[in-house]
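Since the structure comes first, as structure tokens, the remarks are kept for the end.
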Amino acid sequence: SHLNKVEVAYPFRLFVEPTHKLDVLGHYCPVPVSQTRRALEKLDRGDVLMVLADDPETMHDMPVLLDRMGHKLVDVVKSAGEFHFIIEV
């Protein structure tokens, strides 16, 4: 799993453009959530993190984590078995 800066605008017509991307595809609970928590701790207010996941558990776990940490889940884009979480830090 890698946290990367997003250099180019994303092809989705997103309400909020991600500044960083975390790819946890192929990882299962609890890895996506713990990696997301670690990534969010490194980012600054105003950053927007996009998390790419394919573990259906994240649909339940991610909102719980963000609620607890005080971050805002802006959107979830579902595409071909993947979940793209757009998170305002």
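Residues in the structure tokens are named by chain (A, B, ... in the order shown) and by number from 1 within that chain; ligands are numbered from 1 in the order shown.
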
Using only C-alpha atoms, which residues of range 51-76 of chain A come within 12 Å of range 18-26 of chain A, and what is the closest atom pair for each, with the distance in Å to one decimal? Give it as a Markdown table, sorted by chain and residue number.
| residue | atom | partner | partner_atom | distance |
| --- | --- | --- | --- | --- |
| A:Val51 | CA | A:Leu22 | CA | 4.7 |
| A:Leu52 | CA | A:Asp23 | CA | 4.9 |
| A:Ala53 | CA | A:Leu25 | CA | 4.6 |
| A:Asp54 | CA | A:Leu25 | CA | 5.4 |
| A:Asp55 | CA | A:Gly26 | CA | 7.4 |
| A:Pro56 | CA | A:Leu25 | CA | 11.1 |
| A:Thr58 | CA | A:Val24 | CA | 10.5 |
| A:Val74 | CA | A:Pro18 | CA | 10.6 |
| A:Asp75 | CA | A:Pro18 | CA | 11.0 |

Margin query: Could you list, as a VMD selection string, every residue within 8 Å of His84 in chain A, counting only C-alpha atoms and ignoring same-chain residues fewer than 2 positions away?
Written below: chain A and resid 50 to 53 76 to 79 82 86

Please dump the current selection as a PDB file, in the first residue's frame; keep N, CA and C atoms.
ATOM      1  N   MET A  50      -7.779  10.140  -1.373  1.00  0.00           N
ATOM      2  CA  MET A  50      -8.595   9.135  -2.046  1.00  0.00           C
ATOM      3  C   MET A  50      -8.024   7.768  -1.710  1.00  0.00           C
ATOM      4  N   VAL A  51      -8.855   6.901  -1.142  1.00  0.00           N
ATOM      5  CA  VAL A  51      -8.439   5.544  -0.807  1.00  0.00           C
ATOM      6  C   VAL A  51      -9.078   4.586  -1.799  1.00  0.00           C
ATOM      7  N   LEU A  52      -8.254   3.769  -2.460  1.00  0.00           N
ATOM      8  CA  LEU A  52      -8.749   2.741  -3.377  1.00  0.00           C
ATOM      9  C   LEU A  52      -8.745   1.412  -2.632  1.00  0.00           C
ATOM     10  N   ALA A  53      -9.915   0.800  -2.498  1.00  0.00           N
ATOM     11  CA  ALA A  53     -10.033  -0.458  -1.768  1.00  0.00           C
ATOM     12  C   ALA A  53     -10.961  -1.397  -2.533  1.00  0.00           C
ATOM     13  N   VAL A  76     -18.118   8.279  -1.976  1.00  0.00           N
ATOM     14  CA  VAL A  76     -17.608   6.945  -2.279  1.00  0.00           C
ATOM     15  C   VAL A  76     -18.016   6.636  -3.711  1.00  0.00           C
ATOM     16  N   VAL A  77     -17.019   6.411  -4.561  1.00  0.00           N
ATOM     17  CA  VAL A  77     -17.291   6.065  -5.952  1.00  0.00           C
ATOM     18  C   VAL A  77     -17.085   4.562  -6.083  1.00  0.00           C
ATOM     19  N   LYS A  78     -18.142   3.839  -6.498  1.00  0.00           N
ATOM     20  CA  LYS A  78     -18.011   2.394  -6.682  1.00  0.00           C
ATOM     21  C   LYS A  78     -17.787   2.135  -8.161  1.00  0.00           C
ATOM     22  N   SER A  79     -16.754   1.360  -8.457  1.00  0.00           N
ATOM     23  CA  SER A  79     -16.429   1.121  -9.854  1.00  0.00           C
ATOM     24  C   SER A  79     -15.785  -0.244 -10.006  1.00  0.00           C
ATOM     25  N   GLU A  82     -14.394  -1.979  -7.093  1.00  0.00           N
ATOM     26  CA  GLU A  82     -13.512  -1.146  -6.266  1.00  0.00           C
ATOM     27  C   GLU A  82     -14.333  -0.051  -5.597  1.00  0.00           C
ATOM     28  N   ILE A  86     -13.386   9.239  -0.943  1.00  0.00           N
ATOM     29  CA  ILE A  86     -12.841  10.592  -1.007  1.00  0.00           C
ATOM     30  C   ILE A  86     -13.013  11.207   0.382  1.00  0.00           C
TER      31      ILE A  86
END

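As for CA of Ile87 in chain A and CA of Tyr28 in chain A, they are spaced 19.4 Å apart.
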
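With only C-alpha atoms as the atoms that count, the minimum distance from Met59 in chain A to the choices A:Cys29, A:Ala80, A:Val16, A:Leu40 is reached by A:Cys29.
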
Checklist line | For CA of Pro30 in chain A and CA of Asp61 in chain A, the interatomic separation in Å (one decimal) | finding: 8.9 Å

Next item on the list: Identify all residues of range 9-62 of chain A in alpha helix (DSSP H) (DSSP on the backbone) and supply them as a count of residues only.
Entry: 17

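A straight line drawn from CA of Leu3 in chain A to CA of Ala39 in chain A is 6.8 Å long.
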
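The smallest atom-to-atom distance between Leu66 in chain A and any of A:Arg37, A:Pro32, A:Lys42, A:His27, using only C-alpha atoms, is found for A:Arg37.
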
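Take the candidates A:His2, A:Gln35, A:Met62, A:Glu17 and check each one against Phe83 in chain A using only C-alpha atoms; the shortest distance goes to A:Met62.
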
Note to self: Using only C-alpha atoms, can you tell me which of A:Glu57, A:Thr36, A:Val48, A:Phe85 comes closest to Met69 in chain A?
What the structure shows: A:Thr36

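Of the residues listed (A:Arg68, A:Val33, A:Pro63, A:Glu88), A:Glu88 shows the shortest atom-to-atom separation from Arg45 in chain A; distances use only C-alpha atoms.
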